[in-house]
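K.L.:
I'm passing along run.cif; it holds mmCIF, C-alpha atoms.
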data_final
#
loop_
_atom_site.label_atom_id
_atom_site.label_comp_id
_atom_site.auth_asym_id
_atom_site.auth_seq_id
_atom_site.Cartn_x
_atom_site.Cartn_y
_atom_site.Cartn_z
CA MET A 259 -213.69 -24.26 100.32
CA ALA A 260 -216.92 -23.24 102.07
CA SER A 261 -217.77 -24.94 105.35
CA GLY A 262 -219.84 -28.07 104.82
CA THR A 263 -219.03 -28.26 101.09
CA SER A 264 -217.89 -31.70 99.95
CA PRO A 265 -214.70 -31.83 97.87
CA PRO A 266 -215.28 -32.60 94.20
CA LYS A 267 -215.17 -36.29 93.37
CA ARG A 268 -212.33 -37.59 91.25
CA GLU A 269 -213.21 -38.54 87.71
CA ARG A 270 -213.32 -42.32 87.34
CA VAL A 271 -211.75 -43.38 84.03
CA LEU A 272 -211.87 -46.97 82.75
CA ILE A 273 -209.48 -47.86 79.92
CA THR A 274 -209.53 -51.24 78.20
CA GLY A 275 -206.22 -52.32 76.74
CA GLY A 276 -204.73 -50.04 79.38
CA GLY A 277 -201.72 -52.21 80.11
CA SER A 278 -199.64 -51.07 77.15
CA GLY A 279 -199.42 -48.77 74.13
CA LEU A 280 -201.85 -45.92 73.65
CA GLY A 281 -204.13 -47.21 76.41
CA LEU A 282 -201.34 -46.99 78.98
CA ALA A 283 -200.21 -43.59 77.68
CA LEU A 284 -203.73 -42.23 78.09
CA ALA A 285 -203.98 -43.81 81.54
CA GLN A 286 -200.83 -41.96 82.57
CA ARG A 287 -202.24 -38.64 81.37
CA TYR A 288 -205.61 -39.07 83.05
CA ALA A 289 -203.89 -40.09 86.29
CA ALA A 290 -201.51 -37.12 86.16
CA ASP A 291 -204.59 -34.91 85.76
CA GLY A 292 -206.03 -36.22 89.01
CA ALA A 293 -208.41 -38.92 87.76
CA GLN A 294 -208.85 -42.33 89.33
CA VAL A 295 -207.87 -44.75 86.57
CA LEU A 296 -209.22 -48.27 86.21
CA VAL A 297 -206.74 -50.18 84.05
CA VAL A 298 -208.26 -53.13 82.21
CA ASP A 299 -206.14 -55.62 80.28
CA ILE A 300 -206.48 -59.23 79.19
CA ASP A 301 -203.18 -59.91 81.02
CA PRO A 302 -203.62 -59.41 84.79
CA VAL A 303 -199.87 -59.03 85.37
CA ARG A 304 -199.65 -56.29 82.74
CA ALA A 305 -202.74 -54.56 84.15
CA GLU A 306 -201.27 -54.51 87.64
CA ALA A 307 -197.87 -53.30 86.45
CA ALA A 308 -199.55 -50.46 84.57
CA ARG A 309 -201.63 -49.52 87.60
CA ALA A 310 -198.62 -49.54 89.89
CA GLY A 311 -196.75 -47.15 87.61
CA LEU A 312 -199.46 -44.49 87.46
CA PRO A 313 -198.99 -41.20 89.31
CA GLY A 314 -201.30 -40.61 92.24
CA GLU A 315 -203.21 -43.06 94.40
CA GLY A 316 -206.37 -45.12 94.31
CA HIS A 317 -205.98 -46.58 90.83
CA LEU A 318 -207.27 -50.11 90.22
CA ALA A 319 -206.38 -52.98 87.90
CA PHE A 320 -208.79 -55.48 86.37
CA ALA A 321 -208.33 -58.42 84.01
CA ALA A 322 -210.94 -58.91 81.28
CA ASP A 323 -211.26 -60.26 77.75
CA VAL A 324 -213.14 -57.58 75.80
CA GLY A 325 -214.09 -60.16 73.17
CA ASP A 326 -216.05 -62.29 75.64
CA ASP A 327 -219.56 -61.52 76.93
CA ALA A 328 -219.15 -63.24 80.30
CA SER A 329 -215.78 -61.63 80.99
CA MET A 330 -217.13 -58.15 80.29
CA LEU A 331 -220.18 -58.73 82.47
CA ALA A 332 -217.87 -59.82 85.28
CA LEU A 333 -215.83 -56.65 84.74
CA LYS A 334 -218.95 -54.50 85.02
CA GLN A 335 -219.91 -56.16 88.27
CA ALA A 336 -216.40 -55.83 89.72
CA VAL A 337 -216.16 -52.15 88.77
CA GLU A 338 -219.57 -51.34 90.23
CA ALA A 339 -218.63 -53.11 93.48
CA ALA A 340 -215.32 -51.24 93.67
CA VAL A 341 -216.18 -47.69 92.62
CA GLY A 342 -219.87 -47.61 91.72
CA GLY A 343 -219.46 -46.71 88.06
CA VAL A 344 -217.31 -44.73 85.65
CA ASP A 345 -217.34 -41.19 84.31
CA VAL A 346 -215.12 -41.80 81.29
CA LEU A 347 -215.07 -45.05 79.32
CA VAL A 348 -212.19 -45.57 76.90
CA ASN A 349 -212.91 -48.57 74.65
CA ASN A 350 -209.31 -48.97 73.54
CA ALA A 351 -208.47 -52.68 73.43
CA GLY A 352 -208.08 -54.26 70.02
CA ILE A 353 -206.06 -56.57 67.81
CA ALA A 354 -204.51 -56.14 64.37
CA SER A 355 -204.94 -58.11 61.18
CA GLY A 356 -204.08 -57.64 57.53
CA GLY A 357 -204.60 -59.09 54.12
CA PRO A 358 -206.95 -58.85 51.14
CA LEU A 359 -210.49 -60.22 51.23
CA LEU A 360 -209.58 -63.38 49.33
CA GLY A 361 -206.88 -64.12 51.88
CA THR A 362 -209.30 -64.13 54.80
CA ASP A 363 -211.66 -66.70 56.24
CA MET A 364 -214.73 -66.43 58.43
CA ALA A 365 -212.78 -67.27 61.58
CA GLU A 366 -210.65 -64.14 61.07
CA TRP A 367 -213.73 -61.99 60.45
CA ARG A 368 -215.44 -63.25 63.59
CA ARG A 369 -212.33 -62.71 65.70
CA LEU A 370 -211.77 -59.16 64.43
CA LEU A 371 -215.40 -58.15 64.77
CA GLU A 372 -215.67 -59.62 68.28
CA VAL A 373 -212.54 -57.91 69.59
CA ASP A 374 -212.33 -54.69 67.59
CA LEU A 375 -216.00 -53.79 67.10
CA LEU A 376 -218.28 -55.72 69.43
CA SER A 377 -215.96 -55.01 72.37
CA VAL A 378 -216.88 -51.34 71.92
CA VAL A 379 -220.56 -52.27 71.96
CA ARG A 380 -220.13 -54.43 75.07
CA GLY A 381 -218.22 -51.83 77.03
CA THR A 382 -220.67 -49.09 76.13
CA LEU A 383 -223.75 -51.18 76.95
CA HIS A 384 -222.30 -51.97 80.37
CA PHE A 385 -221.06 -48.54 81.45
CA LEU A 386 -223.17 -46.00 79.55
CA PRO A 387 -226.41 -46.39 81.59
CA GLY A 388 -224.81 -44.92 84.71
CA MET A 389 -223.54 -41.92 82.74
CA VAL A 390 -226.98 -41.26 81.27
CA GLU A 391 -228.55 -41.54 84.70
CA ARG A 392 -226.09 -39.00 86.14
CA GLY A 393 -226.41 -36.72 83.11
CA ARG A 394 -222.67 -36.57 82.44
CA GLY A 395 -219.87 -38.70 81.09
CA HIS A 396 -217.69 -39.42 78.09
CA VAL A 397 -217.54 -42.49 75.84
CA VAL A 398 -214.26 -42.73 73.93
CA SER A 399 -213.58 -45.47 71.39
CA THR A 400 -210.30 -46.16 69.64
CA ALA A 401 -210.82 -46.87 65.95
CA SER A 402 -208.06 -46.22 63.43
CA PHE A 403 -207.50 -44.14 60.34
CA ALA A 404 -207.90 -47.52 58.64
CA GLY A 405 -211.60 -47.15 59.43
CA LEU A 406 -211.71 -43.96 57.33
CA ALA A 407 -209.09 -44.58 54.67
CA GLY A 408 -210.73 -47.31 52.58
CA ALA A 409 -207.28 -48.78 51.98
CA PRO A 410 -206.61 -52.17 50.37
CA GLY A 411 -204.89 -55.05 52.10
CA ILE A 412 -206.38 -54.59 55.59
CA MET A 413 -209.89 -55.81 54.87
CA SER A 414 -211.15 -57.29 58.16
CA TYR A 415 -209.31 -54.74 60.31
CA GLY A 416 -210.44 -51.76 58.24
CA VAL A 417 -214.07 -52.89 58.21
CA ALA A 418 -214.09 -53.50 61.96
CA LYS A 419 -212.60 -50.07 62.64
CA ALA A 420 -215.03 -48.44 60.19
CA GLY A 421 -217.76 -50.02 62.27
CA VAL A 422 -216.34 -48.35 65.37
CA VAL A 423 -216.49 -44.97 63.62
CA ALA A 424 -220.10 -45.56 62.54
CA PHE A 425 -221.03 -46.72 66.03
CA ALA A 426 -219.54 -43.55 67.54
CA GLU A 427 -221.32 -41.32 65.01
CA GLN A 428 -224.70 -42.85 65.72
CA LEU A 429 -224.11 -42.93 69.47
CA ARG A 430 -223.21 -39.24 69.41
CA ALA A 431 -226.53 -38.45 67.75
CA GLU A 432 -228.47 -40.65 70.18
CA LEU A 433 -226.85 -39.03 73.21
CA HIS A 434 -227.20 -35.44 72.02
CA GLY A 435 -228.53 -33.35 74.89
CA SER A 436 -227.92 -36.10 77.47
CA GLY A 437 -224.75 -34.59 78.93
CA VAL A 438 -222.69 -37.56 77.75
CA ALA A 439 -220.01 -36.76 75.16
CA VAL A 440 -218.73 -39.17 72.50
CA SER A 441 -215.30 -39.27 70.85
CA VAL A 442 -213.61 -41.60 68.41
CA LEU A 443 -209.82 -41.82 68.02
CA CYS A 444 -208.49 -42.52 64.52
CA PRO A 445 -204.68 -42.63 64.56
CA ALA A 446 -202.65 -44.00 61.68
CA PHE A 447 -199.55 -46.14 62.17
CA PHE A 448 -197.01 -45.03 64.76
CA ARG A 449 -194.46 -46.93 66.81
CA THR A 450 -196.32 -49.06 69.33
CA ARG A 451 -196.89 -52.74 70.19
CA LEU A 452 -199.96 -53.18 68.00
CA LEU A 453 -198.34 -55.84 65.81
CA GLU A 454 -197.50 -58.15 68.70
CA ASN A 455 -200.93 -59.77 68.34
CA PHE A 456 -201.10 -59.44 64.55
CA HIS A 457 -203.09 -62.06 62.63
CA GLY A 458 -202.92 -62.28 58.87
CA ASP A 459 -200.70 -61.91 55.82
CA THR A 460 -196.98 -61.73 56.65
CA LYS A 461 -196.36 -59.37 53.70
CA VAL A 462 -198.96 -56.96 55.09
CA ARG A 463 -197.32 -57.18 58.49
CA GLY A 464 -193.98 -56.24 56.94
CA MET A 465 -195.59 -53.28 55.19
CA ALA A 466 -197.17 -52.17 58.47
CA GLU A 467 -193.83 -52.43 60.25
CA ARG A 468 -192.19 -50.22 57.64
CA MET A 469 -194.99 -47.65 57.94
CA MET A 470 -194.61 -47.62 61.72
CA GLU A 471 -190.87 -47.10 61.46
CA ARG A 472 -191.27 -44.26 58.96
CA SER A 473 -194.00 -42.51 60.92
CA PRO A 474 -193.19 -38.97 62.14
CA ASP A 475 -195.31 -39.68 65.23
CA THR A 476 -194.29 -41.15 68.56
CA LEU A 477 -196.46 -42.75 71.21
CA ASP A 478 -196.09 -39.68 73.43
CA SER A 479 -196.91 -37.19 70.68
CA VAL A 480 -200.02 -39.15 69.68
CA ALA A 481 -201.13 -39.51 73.30
CA ASP A 482 -200.59 -35.80 73.96
CA ARG A 483 -202.69 -34.76 70.96
CA ALA A 484 -205.36 -37.33 71.72
CA TYR A 485 -205.62 -36.37 75.37
CA ALA A 486 -205.89 -32.65 74.61
CA ALA A 487 -208.68 -33.35 72.11
CA LEU A 488 -210.51 -35.64 74.54
CA LYS A 489 -210.41 -33.04 77.30
CA ALA A 490 -211.98 -30.62 74.81
CA ARG A 491 -214.67 -33.26 74.04
CA THR A 492 -213.72 -33.33 70.34
CA PHE A 493 -215.69 -35.96 68.45
CA LEU A 494 -213.37 -37.06 65.61
CA VAL A 495 -209.79 -37.15 66.88
CA LEU A 496 -207.02 -37.57 64.28
CA PRO A 497 -203.93 -37.53 66.50
CA THR A 498 -201.26 -38.44 63.92
CA ARG A 499 -199.73 -35.60 61.93
CA ARG A 500 -200.58 -36.49 58.34
CA GLU A 501 -204.12 -37.74 58.78
CA PRO A 502 -206.11 -34.49 59.16
CA MET A 503 -205.06 -33.47 55.64
CA ARG A 504 -205.59 -36.98 54.26
CA TRP A 505 -209.11 -36.98 55.70
CA ARG A 506 -209.86 -33.59 54.11
CA LEU A 507 -208.53 -34.76 50.75
CA LYS A 508 -210.75 -37.84 50.84
CA ARG A 509 -213.81 -35.75 51.63
CA TRP A 510 -213.15 -32.94 49.16
CA PHE A 511 -211.44 -34.81 46.28
CA PRO A 512 -212.53 -38.45 46.59
CA GLU A 513 -211.42 -39.66 43.14
CA TRP A 514 -208.01 -37.99 43.39
CA TYR A 515 -207.63 -39.45 46.88
CA PHE A 516 -208.50 -42.92 45.55
CA ARG A 517 -205.86 -42.75 42.81
CA LYS A 518 -203.21 -41.67 45.29
CA LEU A 519 -204.34 -44.37 47.73
CA VAL A 520 -203.87 -47.24 45.30
CA GLN A 521 -200.59 -45.79 44.02
CA GLY A 522 -199.28 -45.53 47.58
CA ALA A 523 -200.42 -49.07 48.39
CA ALA A 524 -198.57 -50.41 45.34
CA LEU A 525 -195.37 -48.63 46.37
CA SER A 526 -195.68 -49.92 49.94
CA ARG A 527 -196.05 -53.51 48.75
CA ARG A 528 -192.79 -53.15 46.84
CA GLY A 529 -191.10 -51.87 50.03
#
Give the structure from this file in structure tokens form.

P.N.:
Amino acid sequence: MASGTSPPKRERVLITGGGSGLGLALAQRYAADGAQVLVVDIDPVRAEAARAGLPGEGHLAFAADVGDDASMLALKQAVEAAVGGVDVLVNNAGIASGGPLLGTDMAEWRRLLEVDLLSVVRGTLHFLPGMVERGRGHVVSTASFAGLAGAPGIMSYGVAKAGVVAFAEQLRAELHGSGVAVSVLCPAFFRTRLLENFHGDTKVRGMAERMMERSPDTLDSVADRAYAALKARTFLVLPTRREPMRWRLKRWFPEWYFRKLVQGAALSRRG
């Protein structure tokens, strides 16, 4: 290093829902790559345990409810006081729900939209301005293949996740040329703890559990693919094995895809 040259600053990476599942797996990969990781979780004990287990030093833990305006504002203020800002924002926290439209009520819709969609808006509104000012950064949001699939039986969840995809698409266009990249993660079911906070139809939960058990993907394989794509600044990330082809089939042969979709849903309901 030349005399008088400052060492490069570590990348500051904030991950909501970072205390478990895919959020924690991504936190581990960013930390192993030398980043300073800010683990955010609604459970402070889980956030601290995740932070303590990360490789490297200087990582921080924060407790916040991504579905609450005041909590997210407090998080922004705490992060700015601690590290000044973030370079990578991973809007990962979310909850699961399932059931047809006529099995839902407005309370479920409000809860899913607040936590799964508006949390992405909140996090981005709070941490994007610093990235734009610096002319660099990366906004990552975890949606789901449910947001692309148009599948029956997961109405509120699928619509909320479709909103995350649309948000990311429009944000990408707005930030073009700013130096800030945008990515959206759309995994399908794989074995994780997503269903621990499931709200909705018990039959749909059972179907989801069977799909998770039958999945050829593991948490580590999904995290590895996702992390590689994020480092390459890929926009649409489909980190589970079967979904890239399913996405192509929907785009190229939409009516054939629809027939197969409803046939598959009927088979899944029968177990």

K.L.:
Using all atoms listed in the file, which of A:Ala319, A:Val271, A:Ala401, A:Leu433 sits nearest Ala307 of chain A?

P.N.:
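Ranked by minimum distance to Ala307 of chain A, first place goes to A:Ala319.
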
K.L.:
Could you list, as a PyMOL selection string, every residue matched by the PyMOL selection byres ((chain A and resi 399) around 6) in this structure?

P.N.:
chain A and resi 348-350+398+400+442

K.L.:
Considering all atoms listed in the file, state which residue in the set A:Asp326, A:Glu513, A:Asp475, A:Asp374 is at the smallest distance from Ile353 of chain A.

P.N.:
A:Asp374

K.L.:
Nearest to Glu501 of chain A: which of A:Val397, A:Met413, A:Ala487, A:Ala404 is it, counting all atoms listed in the file?

P.N.:
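Among the listed residues, A:Ala404 lies closest to Glu501 of chain A.
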
K.L.:
Any chance you could work out the residue set of the PyMOL selection byres ((chain A and resi 278) around 9) here, as a list in words?

P.N.:
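What the PyMOL selection byres ((chain A and resi 278) around 9) grabs from the file is Gly275, Gly276, Gly277, Gly279, Leu280, Gly281, Leu282, Ala283, Asp299, Arg304, Ala305, Ala308, Thr450 and Arg451 of chain A.
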
K.L.:
Quote the spacing between atom CA of Ala420 of chain A and atom CA of Leu272 of chain A in Å to one decimal place.

P.N.:
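Between atom CA of Ala420 of chain A and atom CA of Leu272 of chain A the gap is 22.8 Å.
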
K.L.:
How many Å lie between atom CA of Ser355 of chain A and atom CA of Leu443 of chain A, rounded to one decimal?

P.N.:
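Pair atom CA of Ser355 of chain A / atom CA of Leu443 of chain A returns 18.3 Å.
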
K.L.:
To one decimal place in Å, what is the distance between atom CA of Arg369 of chain A and atom CA of Ala484 of chain A?

P.N.:
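About the pair atom CA of Arg369 of chain A and atom CA of Ala484 of chain A: they are 27.0 Å apart.
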
K.L.:
Could you list, as a PyMOL selection string, every residue matched by the PyMOL selection byres ((chain A and resi 340) around 12) in this structure?

P.N.:
chain A and resi 270+294+296+316-320+333-339+341-344

K.L.:
Box in all listed atoms of segment 479-495 of chain A, axis-aligned, with 6 Å more on each side; write out centre and edge lengths in Å to one decimal as JSON.

P.N.:
{"center_x": -206.3, "center_y": -35.1, "center_z": 71.5, "size_x": 30.8, "size_y": 20.9, "size_z": 23.7}

K.L.:
Need to verify the contact set: Leu496 of chain A, 12 Å, all atoms listed in the file, exclusion of same-chain residues closer than 3 positions in sequence. Can you return it as a VMD selection string?

P.N.:
chain A and resid 400 to 406 441 to 447 475 479 to 488 492 to 493 499 to 506

K.L.:
Write a file of the just-selected residues containing C-alpha atoms, as a PDB file, in the coordinates of the input.

P.N.:
ATOM      1  CA  THR A 400    -210.300 -46.160  69.640  1.00  0.00           C
ATOM      2  CA  ALA A 401    -210.820 -46.870  65.950  1.00  0.00           C
ATOM      3  CA  SER A 402    -208.060 -46.220  63.430  1.00  0.00           C
ATOM      4  CA  PHE A 403    -207.500 -44.140  60.340  1.00  0.00           C
ATOM      5  CA  ALA A 404    -207.900 -47.520  58.640  1.00  0.00           C
ATOM      6  CA  GLY A 405    -211.600 -47.150  59.430  1.00  0.00           C
ATOM      7  CA  LEU A 406    -211.710 -43.960  57.330  1.00  0.00           C
ATOM      8  CA  SER A 441    -215.300 -39.270  70.850  1.00  0.00           C
ATOM      9  CA  VAL A 442    -213.610 -41.600  68.410  1.00  0.00           C
ATOM     10  CA  LEU A 443    -209.820 -41.820  68.020  1.00  0.00           C
ATOM     11  CA  CYS A 444    -208.490 -42.520  64.520  1.00  0.00           C
ATOM     12  CA  PRO A 445    -204.680 -42.630  64.560  1.00  0.00           C
ATOM     13  CA  ALA A 446    -202.650 -44.000  61.680  1.00  0.00           C
ATOM     14  CA  PHE A 447    -199.550 -46.140  62.170  1.00  0.00           C
ATOM     15  CA  ASP A 475    -195.310 -39.680  65.230  1.00  0.00           C
ATOM     16  CA  SER A 479    -196.910 -37.190  70.680  1.00  0.00           C
ATOM     17  CA  VAL A 480    -200.020 -39.150  69.680  1.00  0.00           C
ATOM     18  CA  ALA A 481    -201.130 -39.510  73.300  1.00  0.00           C
ATOM     19  CA  ASP A 482    -200.590 -35.800  73.960  1.00  0.00           C
ATOM     20  CA  ARG A 483    -202.690 -34.760  70.960  1.00  0.00           C
ATOM     21  CA  ALA A 484    -205.360 -37.330  71.720  1.00  0.00           C
ATOM     22  CA  TYR A 485    -205.620 -36.370  75.370  1.00  0.00           C
ATOM     23  CA  ALA A 486    -205.890 -32.650  74.610  1.00  0.00           C
ATOM     24  CA  ALA A 487    -208.680 -33.350  72.110  1.00  0.00           C
ATOM     25  CA  LEU A 488    -210.510 -35.640  74.540  1.00  0.00           C
ATOM     26  CA  THR A 492    -213.720 -33.330  70.340  1.00  0.00           C
ATOM     27  CA  PHE A 493    -215.690 -35.960  68.450  1.00  0.00           C
ATOM     28  CA  ARG A 499    -199.730 -35.600  61.930  1.00  0.00           C
ATOM     29  CA  ARG A 500    -200.580 -36.490  58.340  1.00  0.00           C
ATOM     30  CA  GLU A 501    -204.120 -37.740  58.780  1.00  0.00           C
ATOM     31  CA  PRO A 502    -206.110 -34.490  59.160  1.00  0.00           C
ATOM     32  CA  MET A 503    -205.060 -33.470  55.640  1.00  0.00           C
ATOM     33  CA  ARG A 504    -205.590 -36.980  54.260  1.00  0.00           C
ATOM     34  CA  TRP A 505    -209.110 -36.980  55.700  1.00  0.00           C
ATOM     35  CA  ARG A 506    -209.860 -33.590  54.110  1.00  0.00           C
TER      36      ARG A 506
END

K.L.:
Between A:Leu507, A:Leu359, A:Arg287, A:Pro302, which residue has the minimum interatomic distance to Asp478 of chain A, considering only C-alpha atoms?

P.N.:
A:Arg287

K.L.:
Which residues come within 8 Å of Arg430 of chain A, counting all atoms listed in the file, excluding same-chain residues fewer than 3 positions away, as a list of chain:residue names?

P.N.:
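Listing them by chain and then by number gives A:Ala426, A:Glu427, A:Leu433, A:His434, A:Ala439, A:Val440.
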
K.L.:
How about saving the chosen residues, C-alpha atoms kept, as a short mmCIF file (atom, residue, chain, number, x, y, z; two decimals), in the coordinates of the input?

P.N.:
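This is the output file selection.cif:
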data_model
loop_
_atom_site.label_atom_id
_atom_site.label_comp_id
_atom_site.auth_asym_id
_atom_site.auth_seq_id
_atom_site.Cartn_x
_atom_site.Cartn_y
_atom_site.Cartn_z
CA ALA A 426 -219.54 -43.55 67.54
CA GLU A 427 -221.32 -41.32 65.01
CA LEU A 433 -226.85 -39.03 73.21
CA HIS A 434 -227.20 -35.44 72.02
CA ALA A 439 -220.01 -36.76 75.16
CA VAL A 440 -218.73 -39.17 72.50
#

K.L.:
Which is closer to Leu375 of chain A than all the others in A:Gly357, A:Gly325, A:Pro410, A:Pro387, using all atoms listed in the file?

P.N.:
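Comparing A:Gly357, A:Gly325, A:Pro410, A:Pro387 against Leu375 of chain A, the winner is A:Gly325.
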
K.L.:
For Val373 of chain A, which of A:Gly311, A:Ala328, A:Asp323, A:Val417 is the closest residue, counting all atoms listed in the file?

P.N.:
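Residue with the minimum atom-to-atom distance to Val373 of chain A: A:Asp323.
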
K.L.:
Got a sec: who's within 9 Å of Leu386 of chain A, counting all atoms listed in the file, leaving out chain neighbours fewer than 6 positions off, as a ChimeraX atom specification?

P.N.:
/A:344-345,347,395-397,438
